[in-house]
>>> print(open('final.txt').read())   # compact mmCIF, C-alpha atoms and all ligand atoms
# COMPACT_ATOMS: atom_id res chain seq x y z
CA MET A 1 113.86 -97.26 -107.61
CA SER A 2 113.98 -94.80 -110.50
CA ASN A 3 113.00 -91.20 -110.03
CA ARG A 4 109.71 -91.61 -111.87
CA PRO A 5 106.52 -90.24 -110.32
CA LEU A 6 104.75 -92.66 -108.01
CA ASN A 7 101.69 -94.32 -109.55
CA VAL A 8 98.58 -94.10 -107.41
CA GLY A 9 95.27 -95.97 -107.69
CA LEU A 10 91.98 -94.61 -106.36
CA ILE A 11 89.36 -96.82 -104.74
CA GLY A 12 86.19 -94.72 -104.86
CA GLY A 13 85.77 -91.35 -106.55
CA GLY A 14 82.98 -91.74 -109.11
CA LYS A 15 79.56 -90.05 -109.32
CA GLY A 16 79.64 -86.96 -107.14
CA ALA A 17 82.27 -88.20 -104.70
CA PHE A 18 83.67 -85.58 -102.35
CA ILE A 19 86.98 -86.43 -100.73
CA ALA A 20 88.45 -88.34 -103.69
CA HIS A 21 88.97 -84.95 -105.36
CA PRO A 22 90.98 -83.12 -102.69
CA HIS A 23 93.12 -86.28 -102.59
CA GLN A 24 93.65 -86.50 -106.34
CA ARG A 25 94.51 -82.79 -106.55
CA ALA A 26 96.94 -83.11 -103.64
CA ILE A 27 98.52 -86.21 -105.18
CA HIS A 28 99.39 -84.10 -108.25
CA PHE A 29 100.68 -81.10 -106.25
CA ASP A 30 104.40 -81.81 -106.57
CA GLY A 31 104.63 -83.66 -109.91
CA THR A 32 106.18 -86.61 -108.08
CA ARG A 33 102.93 -88.58 -107.73
CA ARG A 34 100.09 -89.11 -110.15
CA VAL A 35 96.79 -90.96 -110.25
CA VAL A 36 96.98 -93.58 -113.01
CA ALA A 37 94.17 -96.01 -112.17
CA GLY A 38 90.84 -96.20 -110.43
CA ALA A 39 88.05 -98.47 -109.29
CA LEU A 40 85.66 -95.60 -108.87
CA PHE A 41 82.18 -97.00 -108.28
CA PRO A 42 80.53 -100.18 -106.93
CA ASP A 43 78.75 -100.97 -110.21
CA PRO A 44 81.38 -102.26 -112.72
CA LYS A 45 79.79 -100.68 -115.81
CA ILE A 46 79.49 -97.26 -114.16
CA ALA A 47 82.99 -97.63 -112.68
CA LEU A 48 84.43 -98.02 -116.19
CA GLU A 49 82.35 -95.13 -117.57
CA GLU A 50 83.44 -92.87 -114.72
CA ALA A 51 87.09 -93.76 -115.36
CA ALA A 52 86.67 -93.02 -119.08
CA ASN A 53 85.25 -89.59 -118.15
CA TRP A 54 87.91 -88.80 -115.52
CA PRO A 55 89.49 -85.32 -116.07
CA TYR A 56 92.78 -86.92 -117.25
CA PRO A 57 93.57 -90.40 -118.61
CA ILE A 58 93.52 -93.22 -116.06
CA LYS A 59 93.13 -96.99 -116.38
CA GLY A 60 89.62 -97.88 -115.21
CA TYR A 61 88.67 -101.07 -113.44
CA GLY A 62 85.20 -102.51 -112.83
CA SER A 63 86.00 -103.19 -109.16
CA TYR A 64 88.80 -102.83 -106.63
CA ASP A 65 89.16 -106.63 -106.68
CA ASP A 66 89.93 -106.47 -110.42
CA MET A 67 92.31 -103.55 -109.93
CA ILE A 68 94.29 -105.17 -107.12
CA LYS A 69 94.46 -108.56 -108.87
CA ALA A 70 95.60 -107.01 -112.16
CA GLN A 71 98.19 -104.83 -110.41
CA ALA A 72 99.58 -107.69 -108.34
CA SER A 73 100.39 -109.61 -111.53
CA LEU A 74 102.42 -106.72 -113.05
CA PRO A 75 106.22 -106.42 -112.75
CA GLU A 76 107.06 -104.35 -109.67
CA GLU A 77 108.17 -101.23 -111.60
CA GLU A 78 104.82 -101.07 -113.41
CA ARG A 79 102.66 -101.79 -110.39
CA LEU A 80 100.72 -99.17 -108.42
CA ASP A 81 102.98 -97.67 -105.78
CA TYR A 82 100.06 -97.08 -103.46
CA VAL A 83 96.27 -97.01 -103.35
CA VAL A 84 94.07 -94.37 -101.75
CA ILE A 85 90.79 -95.59 -100.25
CA VAL A 86 88.12 -92.89 -100.45
CA THR A 87 84.97 -94.98 -100.15
CA PRO A 88 82.34 -94.87 -97.37
CA ASN A 89 83.49 -96.43 -94.09
CA HIS A 90 82.14 -99.96 -94.72
CA VAL A 91 84.37 -100.21 -97.82
CA HIS A 92 87.68 -99.48 -96.07
CA PHE A 93 88.62 -102.81 -94.48
CA ASP A 94 88.19 -105.18 -97.42
CA PRO A 95 90.11 -103.20 -100.07
CA ALA A 96 92.79 -102.28 -97.51
CA MET A 97 93.36 -105.95 -96.60
CA LYS A 98 93.41 -106.99 -100.25
CA ALA A 99 95.90 -104.27 -101.20
CA LEU A 100 98.16 -105.18 -98.27
CA LYS A 101 98.05 -108.86 -99.24
CA ALA A 102 99.13 -107.81 -102.75
CA ASN A 103 102.00 -105.88 -101.08
CA ILE A 104 100.64 -102.48 -102.15
CA PRO A 105 100.92 -99.63 -99.58
CA VAL A 106 97.63 -98.05 -98.52
CA PHE A 107 96.53 -94.52 -97.69
CA CYS A 108 93.04 -94.94 -96.21
CA GLU A 109 90.33 -92.50 -95.26
CA LYS A 110 89.12 -92.28 -91.66
CA PRO A 111 87.51 -93.74 -89.65
CA LEU A 112 89.82 -96.66 -90.39
CA THR A 113 87.08 -99.32 -90.34
CA VAL A 114 83.59 -99.88 -88.96
CA THR A 115 84.70 -102.10 -86.04
CA LEU A 116 87.65 -102.24 -83.68
CA LYS A 117 88.17 -105.91 -84.59
CA GLU A 118 88.71 -105.03 -88.26
CA ALA A 119 91.10 -102.25 -87.24
CA ALA A 120 93.13 -104.71 -85.15
CA THR A 121 93.32 -107.10 -88.12
CA LEU A 122 94.72 -104.31 -90.28
CA VAL A 123 97.31 -103.39 -87.64
CA LYS A 124 98.52 -107.01 -87.53
CA GLU A 125 98.75 -107.26 -91.32
CA VAL A 126 100.68 -103.97 -91.60
CA ARG A 127 103.10 -105.01 -88.85
CA LYS A 128 103.61 -108.46 -90.39
CA ARG A 129 104.42 -106.97 -93.79
CA LYS A 130 106.27 -103.84 -92.54
CA ILE A 131 104.58 -101.84 -95.27
CA PRO A 132 103.63 -98.13 -95.35
CA PHE A 133 100.03 -97.43 -94.27
CA GLY A 134 98.59 -93.98 -93.67
CA VAL A 135 95.23 -92.78 -92.36
CA SER A 136 93.87 -89.57 -93.78
CA HIS A 137 93.55 -87.29 -90.75
CA THR A 138 93.75 -84.19 -92.91
CA TYR A 139 94.37 -81.54 -90.29
CA LEU A 140 97.72 -82.93 -89.13
CA GLY A 141 98.93 -81.82 -92.56
CA HIS A 142 98.61 -78.11 -91.75
CA TRP A 143 102.03 -76.64 -91.08
CA THR A 144 100.61 -74.95 -88.01
CA SER A 145 99.58 -78.38 -86.61
CA ARG A 146 103.21 -79.45 -86.95
CA PHE A 147 104.29 -76.20 -85.29
CA SER A 148 101.75 -76.59 -82.46
CA ARG A 149 103.14 -80.06 -81.78
CA PHE A 150 106.66 -78.60 -81.63
CA ILE A 151 105.60 -75.82 -79.23
CA VAL A 152 103.76 -78.16 -76.86
CA ARG A 153 106.72 -80.56 -76.81
CA SER A 154 109.15 -77.68 -76.15
CA GLY A 155 107.52 -77.27 -72.71
CA LEU A 156 106.60 -73.62 -73.31
CA LEU A 157 103.07 -74.20 -72.00
CA GLY A 158 104.29 -76.16 -68.97
CA ASP A 159 102.46 -79.35 -68.00
CA ILE A 160 99.23 -79.84 -69.88
CA ARG A 161 96.19 -79.47 -67.63
CA TRP A 162 93.26 -79.17 -70.00
CA VAL A 163 92.56 -79.62 -73.73
CA ASP A 164 89.43 -78.65 -75.64
CA SER A 165 89.48 -80.33 -79.06
CA TYR A 166 86.40 -79.83 -81.19
CA TYR A 167 84.91 -80.26 -84.64
CA LEU A 168 81.60 -78.47 -85.16
CA GLN A 169 79.43 -78.56 -88.27
CA GLY A 170 75.84 -77.61 -89.03
CA TRP A 171 75.15 -79.45 -92.30
CA LEU A 172 73.21 -82.38 -90.73
CA ALA A 173 70.89 -80.14 -88.66
CA THR A 174 68.04 -81.26 -90.92
CA LYS A 175 67.30 -84.75 -92.22
CA LEU A 176 69.35 -84.38 -95.41
CA GLU A 177 69.51 -88.15 -95.72
CA ASP A 178 65.80 -88.10 -96.67
CA ALA A 179 66.56 -85.60 -99.43
CA GLY A 180 68.88 -88.14 -101.07
CA VAL A 181 72.13 -86.28 -100.32
CA GLN A 182 74.80 -88.95 -100.94
CA GLY A 183 77.19 -88.07 -98.13
CA ALA A 184 74.31 -87.75 -95.63
CA SER A 185 72.67 -91.03 -96.66
CA TRP A 186 75.59 -93.33 -95.92
CA ARG A 187 76.88 -91.38 -92.90
CA THR A 188 73.58 -91.85 -91.06
CA ASN A 189 73.19 -95.53 -92.01
CA PRO A 190 74.69 -97.86 -89.37
CA LYS A 191 75.42 -100.55 -91.99
CA LEU A 192 77.55 -98.17 -94.05
CA ALA A 193 78.99 -95.75 -91.47
CA GLY A 194 79.42 -98.03 -88.45
CA ALA A 195 77.93 -97.53 -84.99
CA SER A 196 78.51 -93.75 -84.89
CA CYS A 197 77.83 -90.94 -87.34
CA CYS A 198 79.16 -87.74 -85.76
CA GLY A 199 81.73 -89.40 -83.50
CA GLY A 200 83.18 -91.63 -86.21
CA ASP A 201 83.05 -89.02 -88.94
CA ILE A 202 84.46 -85.96 -87.20
CA GLY A 203 84.93 -86.84 -83.51
CA THR A 204 87.86 -89.04 -84.64
CA HIS A 205 89.47 -85.97 -86.27
CA ALA A 206 89.16 -84.02 -82.98
CA LEU A 207 90.67 -86.97 -81.09
CA MET A 208 93.56 -87.28 -83.55
CA GLN A 209 94.29 -83.55 -83.37
CA LEU A 210 94.51 -83.80 -79.58
CA ARG A 211 96.77 -86.87 -79.68
CA TYR A 212 99.02 -85.50 -82.43
CA VAL A 213 99.57 -82.05 -80.97
CA THR A 214 99.89 -82.98 -77.29
CA GLY A 215 101.42 -86.48 -77.58
CA LEU A 216 98.94 -87.56 -74.88
CA ASP A 217 96.48 -90.43 -75.07
CA VAL A 218 92.93 -90.68 -73.80
CA THR A 219 92.73 -93.20 -70.97
CA LYS A 220 89.08 -92.89 -69.81
CA VAL A 221 85.91 -91.44 -71.29
CA SER A 222 82.53 -90.23 -70.17
CA ALA A 223 80.49 -89.87 -73.37
CA GLN A 224 77.12 -88.60 -74.47
CA MET A 225 76.24 -89.55 -78.06
CA GLU A 226 73.01 -87.74 -78.84
CA ILE A 227 70.52 -87.75 -81.71
CA PHE A 228 68.83 -84.37 -82.11
CA VAL A 229 67.22 -84.85 -85.52
CA PRO A 230 64.07 -86.96 -85.06
CA GLY A 231 64.10 -90.32 -86.83
CA ARG A 232 67.87 -90.46 -87.26
CA LYS A 233 69.53 -93.72 -86.19
CA LEU A 234 73.02 -92.49 -85.30
CA ASP A 235 74.46 -89.68 -83.19
CA ASP A 236 74.60 -86.18 -84.64
CA HIS A 237 76.09 -84.62 -81.46
CA PHE A 238 79.04 -86.17 -79.62
CA THR A 239 80.41 -84.87 -76.31
CA VAL A 240 83.18 -86.71 -74.50
CA TYR A 241 84.83 -85.73 -71.24
CA CYS A 242 88.23 -87.47 -71.16
CA GLU A 243 91.02 -88.31 -68.81
CA LEU A 244 94.45 -88.13 -70.46
CA SER A 245 97.58 -90.22 -69.97
CA ASN A 246 99.31 -87.51 -67.86
CA GLY A 247 96.26 -87.12 -65.60
CA ALA A 248 95.01 -84.01 -67.41
CA LYS A 249 91.39 -83.62 -68.48
CA ALA A 250 90.02 -82.89 -71.93
CA MET A 251 86.85 -82.41 -73.89
CA VAL A 252 86.67 -84.07 -77.29
CA ARG A 253 83.48 -82.87 -78.88
CA ALA A 254 81.85 -82.85 -82.26
CA SER A 255 78.51 -81.82 -83.64
CA GLN A 256 76.72 -81.82 -86.98
CA ILE A 257 73.68 -79.83 -85.85
CA CYS A 258 75.41 -76.53 -84.94
CA HIS A 259 74.00 -74.07 -87.47
CA GLY A 260 76.62 -71.58 -88.54
CA HIS A 261 79.59 -73.87 -88.03
CA LYS A 262 81.07 -75.20 -91.28
CA ASN A 263 84.23 -77.23 -90.66
CA ASP A 264 85.06 -75.68 -87.35
CA LEU A 265 87.83 -77.93 -86.06
CA GLY A 266 90.02 -76.36 -83.45
CA ILE A 267 92.08 -77.01 -80.37
CA GLU A 268 92.89 -75.14 -77.20
CA ILE A 269 95.68 -76.54 -75.03
CA VAL A 270 96.01 -75.17 -71.52
CA GLY A 271 99.20 -75.82 -69.60
CA THR A 272 100.51 -74.68 -66.22
CA LYS A 273 102.35 -71.78 -67.94
CA GLY A 274 100.21 -70.84 -70.91
CA THR A 275 97.66 -71.64 -73.59
CA LEU A 276 97.87 -72.38 -77.32
CA ARG A 277 94.89 -71.87 -79.62
CA TRP A 278 94.42 -72.97 -83.26
CA ARG A 279 91.51 -73.29 -85.71
CA GLN A 280 91.57 -75.05 -89.04
CA GLU A 281 89.25 -72.50 -90.68
CA ASP A 282 92.01 -69.96 -90.02
CA PRO A 283 94.96 -72.34 -90.41
CA GLU A 284 97.81 -69.96 -91.20
CA CYS A 285 98.36 -68.83 -87.63
CA LEU A 286 98.27 -69.92 -84.02
CA ILE A 287 98.08 -67.91 -80.84
CA ILE A 288 100.06 -68.33 -77.64
CA HIS A 289 98.88 -66.71 -74.43
CA LEU A 290 101.28 -66.48 -71.48
CA PRO A 291 99.98 -64.74 -68.36
CA GLY A 292 101.15 -61.16 -67.94
CA GLN A 293 102.50 -60.97 -71.50
CA PRO A 294 100.99 -59.73 -74.76
CA ASP A 295 99.41 -62.53 -76.86
CA ARG A 296 101.75 -63.82 -79.54
CA VAL A 297 100.50 -64.70 -83.03
CA TYR A 298 102.75 -66.93 -85.14
CA TRP A 299 102.18 -67.07 -88.89
CA ARG A 300 103.24 -69.95 -91.10
CA GLY A 301 106.08 -68.82 -93.33
CA ALA A 302 107.17 -66.07 -90.94
CA VAL A 303 108.82 -68.09 -88.19
CA SER A 304 112.53 -67.54 -87.84
CA PRO A 305 115.00 -70.39 -87.11
CA LYS A 306 116.37 -68.34 -84.19
CA ASP A 307 113.11 -67.18 -82.75
CA GLY A 308 113.81 -64.83 -79.85
CA PHE A 309 110.98 -66.31 -77.84
CA LEU A 310 110.80 -70.02 -78.73
CA GLY A 311 114.54 -70.54 -79.18
CA ASP A 312 115.83 -72.68 -82.06
CA VAL A 313 113.14 -73.91 -84.42
CA PRO A 314 114.23 -77.08 -86.27
CA GLN A 315 115.16 -76.63 -89.93
CA GLU A 316 113.21 -79.78 -90.85
CA LEU A 317 110.03 -78.20 -89.51
CA LEU A 318 110.64 -74.84 -91.20
CA ALA A 319 111.36 -76.60 -94.51
CA GLU A 320 107.88 -78.12 -94.50
CA SER A 321 106.41 -74.66 -95.11
CA LEU A 322 106.60 -74.06 -98.86
CA THR A 323 105.49 -70.46 -99.44
CA PRO A 324 106.19 -67.20 -97.61
CA SER A 325 103.56 -65.94 -95.18
CA GLY A 326 100.70 -64.10 -96.82
CA HIS A 327 100.48 -66.58 -99.71
CA PRO A 328 97.96 -68.66 -97.81
CA GLU A 329 97.93 -72.42 -97.53
CA ALA A 330 94.75 -74.35 -96.70
CA PHE A 331 92.90 -77.68 -96.99
CA HIS A 332 94.53 -78.95 -100.21
CA ASP A 333 98.02 -78.04 -98.95
CA ALA A 334 97.34 -80.09 -95.82
CA PHE A 335 96.40 -83.10 -97.95
CA ALA A 336 99.45 -82.56 -100.15
CA ARG A 337 101.75 -82.48 -97.12
CA LEU A 338 100.36 -85.85 -95.96
CA HIS A 339 100.80 -87.39 -99.43
CA ARG A 340 104.30 -85.89 -99.73
CA CYS A 341 105.37 -87.51 -96.46
CA PHE A 342 103.68 -90.79 -97.36
CA GLU A 343 105.47 -90.73 -100.72
CA ALA A 344 108.82 -90.40 -98.93
CA ASP A 345 108.06 -93.53 -96.88
CA VAL A 346 106.84 -95.47 -99.92
CA ARG A 347 110.04 -94.60 -101.83
CA LYS A 348 112.21 -95.73 -98.91
CA TRP A 349 110.21 -98.95 -98.53
CA LYS A 350 110.51 -99.69 -102.25
CA ALA A 351 114.26 -99.14 -102.04
CA GLY A 352 114.45 -101.64 -99.16
CA LYS A 353 115.43 -98.88 -96.70
CA SER A 354 113.90 -98.30 -93.30
CA PHE A 355 111.02 -95.84 -93.32
CA SER A 356 109.50 -93.95 -90.41
CA CYS A 357 105.69 -94.22 -90.57
CA ASP A 358 105.99 -93.12 -86.92
CA GLY A 359 102.97 -90.83 -86.68
CA SER A 360 105.00 -87.61 -86.76
CA LYS A 361 104.02 -86.78 -90.37
CA TYR A 362 100.68 -88.53 -90.94
CA ALA A 363 98.38 -90.77 -88.94
CA THR A 364 99.31 -94.45 -88.85
CA VAL A 365 97.28 -97.66 -88.81
CA GLU A 366 97.71 -97.67 -85.00
CA ASP A 367 96.23 -94.17 -84.88
CA GLY A 368 93.32 -95.49 -86.95
CA TRP A 369 92.91 -98.33 -84.45
CA MET A 370 92.93 -95.78 -81.60
CA GLY A 371 90.12 -93.85 -83.32
CA MET A 372 88.01 -97.01 -83.45
CA ALA A 373 88.91 -97.89 -79.83
CA PHE A 374 87.76 -94.41 -78.82
CA ILE A 375 84.43 -94.77 -80.62
CA GLU A 376 83.74 -98.22 -79.18
CA THR A 377 84.64 -97.04 -75.65
CA CYS A 378 82.39 -93.98 -76.06
CA LEU A 379 79.52 -96.24 -77.17
CA LYS A 380 79.94 -98.27 -73.96
CA SER A 381 79.99 -95.13 -71.84
CA ASN A 382 76.95 -93.74 -73.65
CA THR A 383 74.92 -96.87 -72.83
CA LYS A 384 75.78 -96.19 -69.16
CA ASN A 385 74.49 -92.63 -69.55
CA GLY A 386 77.99 -91.19 -69.55
CA GLY A 387 79.54 -93.45 -66.92
CA TRP A 388 83.35 -93.52 -66.99
CA VAL A 389 84.85 -96.33 -69.10
CA SER A 390 88.57 -97.06 -69.58
CA MET A 391 90.09 -97.20 -73.03
CA PRO A 392 91.60 -100.56 -74.04
CA LYS A 393 95.38 -100.94 -73.73
CA LYS A 394 97.30 -99.70 -76.80
CA ILE A 395 97.60 -102.31 -79.51
N1 LIG A 401 89.79 -86.67 -94.31
C1 LIG A 401 88.75 -85.88 -94.47
O1 LIG A 401 88.86 -84.68 -94.25
C2 LIG A 401 87.45 -86.46 -94.97
C3 LIG A 401 86.44 -85.61 -95.44
C4 LIG A 401 85.28 -86.21 -95.95
C5 LIG A 401 85.14 -87.59 -95.96
N2 LIG A 401 86.14 -88.37 -95.45
C6 LIG A 401 86.02 -89.86 -95.45
O2 LIG A 401 86.19 -90.27 -96.81
C7 LIG A 401 85.35 -91.38 -97.09
C8 LIG A 401 84.45 -91.02 -98.27
O3 LIG A 401 83.65 -89.92 -97.92
P1 LIG A 401 83.00 -88.95 -99.04
O4 LIG A 401 82.37 -87.84 -98.30
O5 LIG A 401 83.97 -88.63 -100.10
O6 LIG A 401 81.87 -89.94 -99.61
P2 LIG A 401 81.15 -89.85 -101.02
O7 LIG A 401 79.85 -90.54 -100.85
O8 LIG A 401 81.16 -88.45 -101.52
O9 LIG A 401 82.10 -90.71 -101.99
C9 LIG A 401 82.27 -92.09 -101.82
C10 LIG A 401 82.78 -92.69 -103.13
O10 LIG A 401 83.03 -94.08 -102.93
C11 LIG A 401 82.46 -94.80 -104.04
N3 LIG A 401 82.22 -96.18 -103.67
C12 LIG A 401 81.33 -96.69 -102.76
N4 LIG A 401 81.44 -98.04 -102.71
C13 LIG A 401 82.42 -98.40 -103.58
C14 LIG A 401 82.99 -99.63 -103.99
N5 LIG A 401 82.58 -100.80 -103.48
N6 LIG A 401 83.97 -99.61 -104.93
C15 LIG A 401 84.39 -98.45 -105.47
N7 LIG A 401 83.89 -97.24 -105.12
C16 LIG A 401 82.91 -97.21 -104.20
C17 LIG A 401 81.22 -94.01 -104.38
O11 LIG A 401 80.78 -94.33 -105.66
C18 LIG A 401 81.80 -92.59 -104.29
O12 LIG A 401 82.53 -92.31 -105.45
C19 LIG A 401 84.60 -91.68 -95.80
O13 LIG A 401 85.23 -92.70 -95.09
C20 LIG A 401 84.68 -90.36 -95.02
O14 LIG A 401 84.64 -90.56 -93.61
C21 LIG A 401 87.26 -87.82 -94.95
>>> encode(input="final.txt", output="structure tokens", more="lines below")
Ligand SMILES: NC(=O)c1ccc[n+]([C@@H]2O[C@H](COP(=O)([O-])OP(=O)(O)OC[C@H]3O[C@@H](n4cnc5c(N)ncnc54)[C@H](O)[C@@H]3O)[C@@H](O)[C@H]2O)c1
Amino acid sequence: MSNRPLNVGLIGGGKGAFIAHPHQRAIHFDGTRRVVAGALFPDPKIALEEAANWPYPIKGYGSYDDMIKAQASLPEEERLDYVVIVTPNHVHFDPAMKALKANIPVFCEKPLTVTLKEAATLVKEVRKRKIPFGVSHTYLGHWTSRFSRFIVRSGLLGDIRWVDSYYLQGWLATKLEDAGVQGASWRTNPKLAGASCCGGDIGTHALMQLRYVTGLDVTKVSAQMEIFVPGRKLDDHFTVYCELSNGAKAMVRASQICHGHKNDLGIEIVGTKGTLRWRQEDPECLIIHLPGQPDRVYWRGAVSPKDGFLGDVPQELLAESLTPSGHPEAFHDAFARLHRCFEADVRKWKAGKSFSCDGSKYATVEDGWMGMAFIETCLKSNTKNGGWVSMPKKI
């Protein structure tokens, strides 16, 4: 394919949308991708108005059905190269399936779907078509998440014994859904969010961070999914004790009632030889603790290829860091890194070459399925008051 920028279509993004905007900014980060079209709102008239008022020119559509149909009929070079789905959870499955059937790659927000069955259907369709599909687990896109994964896999920490992976927020500590706050209204509505609020919304991020950094899977769960705000229908506090595939134990926990916590996602990995600690609110560094030695702080942009302590650090990993240390990266850079890696796979796919989509650069449709399997298994455990329940076999 020519070297033109990839053309991206947004599904969702009108009227006060949140996550559509970090995505659209990150899409434009490198000049090699651009948003050119959008189906931005459920009401067709408003969708077209919102597109006409978008900060730069895009082709507006009244619905994602119209957008996908119109795009599928265009010659391949003029067609959207991928769509980004940034709608509430109940509007992930249908547009994703329709885009896949039109042979358009998909980058979808998490949680992948509202049921495990829908997630399995998406996995089958992606495998049948061998088409790029990414799930937007933002925090894998931090360079320090990549680096943490490298350190754990290098064996420096020894065998993993214990992992604490958490995502704590305080914004739903009061009944914001009754105050008409858009993001609170759909997240706490089982028809729109699925069977879990806190677990699906942010517990899946904590799970993905654990799986990505350690390479381990959750095999069994003992879950408590609690509702602290009176009158709410879905969990706002989610605590899961887990058994991992190497026999280690872990806590995957999330909360939306913890005053003072904003987007406090973090991970602590404890091995037989040492511990690694990282927090996304302070994403430029990670800390390694080895017993009897001073703590070591590694900063993105200041890691040497011949590190005296870690040994050789792969050039491919170092090259993913784009600015020197002290010129801080954050949330938007993480999104951009995911889109950059997805772009590389889309370009290879369009050129008929093999592409990786192997989970090392962004979460895959199988990772999205695993998030849904985790939530459904936790729901079962919760109904047994935290009794242990095994996760289903990998799809
Ligand atoms: N990766 C992350 O860090 C992250 C952060 C926040 C939200 N999310 C996920 O992103 C998704 C959206 O969350 P949000 O907070 O941006 O929600 P939001 O309510 O702010 O925005 C949702 C957007 O979808 C649009 N929409 C709804 N139905 C539609 C339809 N049928 N057709 C077209 N547009 C439609 C709405 O008009 C709105 O523009 C959710 O799945 C959420 O879990 C992910």
>>> closest_atom_pairs(input="final.txt", of="chain A", to="ligand LIG 401 (chain A)", cutoff="7 Å", atoms="only C-alpha atoms and all ligand atoms", output="CSV")
residue,atom,partner,partner_atom,distance
A:Ile11,CA,A:LIG401,C15,5.3
A:Gly12,CA,A:LIG401,N7,3.4
A:Gly13,CA,A:LIG401,O12,3.6
A:Gly14,CA,A:LIG401,O12,3.7
A:Lys15,CA,A:LIG401,O12,5.4
A:Gly16,CA,A:LIG401,O8,6.0
A:Ala17,CA,A:LIG401,O8,3.4
A:Phe18,CA,A:LIG401,O5,3.8
A:Ile19,CA,A:LIG401,O5,3.8
A:Ala20,CA,A:LIG401,O5,5.7
A:Ala39,CA,A:LIG401,C15,5.3
A:Leu40,CA,A:LIG401,N7,4.5
A:Phe41,CA,A:LIG401,N7,3.6
A:Pro42,CA,A:LIG401,C14,3.9
A:Ser63,CA,A:LIG401,N6,5.9
A:Tyr64,CA,A:LIG401,N6,6.0
A:Val86,CA,A:LIG401,C7,4.6
A:Thr87,CA,A:LIG401,O10,3.5
A:Pro88,CA,A:LIG401,C19,4.2
A:Asn89,CA,A:LIG401,O13,4.2
A:Val91,CA,A:LIG401,N5,6.0
A:Glu109,CA,A:LIG401,O2,5.0
A:Lys110,CA,A:LIG401,O14,5.2
A:Pro111,CA,A:LIG401,O14,5.8
A:Ser136,CA,A:LIG401,N1,5.0
A:His137,CA,A:LIG401,N1,5.2
A:Thr138,CA,A:LIG401,N1,4.9
A:Gln182,CA,A:LIG401,O7,5.3
A:Gly183,CA,A:LIG401,O7,4.5
A:Asp201,CA,A:LIG401,O14,5.2
>>> atom_distance(input="final.txt", atom1="atom CA of Asp164 of chain A", atom2="atom CA of Leu265 of chain A")
10.6 Å
>>> atom_distance(input="final.txt", atom1="atom CA of Ala248 of chain A", atom2="atom CA of Thr115 of chain A")
27.9 Å
>>> residues_around(input="final.txt", residues="Met67 of chain A", least_positions_apart="6", cutoff="10 Å", atoms="all atoms listed in the file", output="list of chain:residue names")
A:Gly9, A:Leu10, A:Ile11, A:Ala37, A:Gly38, A:Ala39, A:Lys59, A:Gly60, A:Tyr61, A:Leu80, A:Ala99
>>> closest_residue(input="final.txt", among="A:Arg340, A:Arg279, A:Lys273, A:Arg33", to="Arg161 of chain A", atoms="all atoms listed in the file")
A:Lys273
>>> closest_atom_pairs(input="final.txt", of="segment 127-162 of chain A", to="segment 347-355 of chain A", cutoff="10 Å", atoms="only C-alpha atoms", output="Markdown table")
| residue | atom | partner | partner_atom | distance |
| --- | --- | --- | --- | --- |
| A:Lys130 | CA | A:Trp349 | CA | 8.7 |
| A:Ile131 | CA | A:Trp349 | CA | 7.1 |
| A:Pro132 | CA | A:Trp349 | CA | 7.4 |
>>> atom_distance(input="final.txt", atom1="atom CA of Arg187 of chain A", atom2="atom CA of Phe133 of chain A")
24.0 Å
>>> closest_residue(input="final.txt", among="A:Cys197, A:Ile269, A:Ile27, A:Val114", to="Leu210 of chain A", atoms="all atoms listed in the file")
A:Ile269
>>> closest_residue(input="final.txt", among="A:Gly271, A:Pro230, A:Pro5, A:Gly368", to="Val123 of chain A", atoms="only C-alpha atoms")
A:Gly368
>>> decode(input="final.txt", residues="segment 244-266 of chain A", atoms="C-alpha atoms", output="tab-separated table (two decimals), in the first residue's frame")
chain	number	residue	atom	x	y	z
A	244	LEU	CA	-2.23	-17.94	38.90
A	245	SER	CA	-1.08	-20.39	36.25
A	246	ASN	CA	2.31	-20.97	37.96
A	247	GLY	CA	0.65	-21.62	41.34
A	248	ALA	CA	1.32	-18.10	42.63
A	249	LYS	CA	-1.38	-16.02	44.31
A	250	ALA	CA	-2.60	-12.56	43.39
A	251	MET	CA	-5.06	-9.87	44.31
A	252	VAL	CA	-6.86	-8.15	41.45
A	253	ARG	CA	-8.81	-5.33	43.00
A	254	ALA	CA	-10.66	-2.25	41.90
A	255	SER	CA	-12.80	0.35	43.56
A	256	GLN	CA	-14.77	3.43	42.57
A	257	ILE	CA	-15.62	4.56	46.11
A	258	CYS	CA	-12.09	5.24	47.41
A	259	HIS	CA	-12.08	9.00	48.01
A	260	GLY	CA	-8.73	10.51	47.15
A	261	HIS	CA	-7.81	7.97	44.50
A	262	LYS	CA	-8.12	9.29	40.94
A	263	ASN	CA	-6.87	6.76	38.38
A	264	ASP	CA	-4.67	4.85	40.74
A	265	LEU	CA	-3.74	1.79	38.70
A	266	GLY	CA	-0.62	0.04	39.85
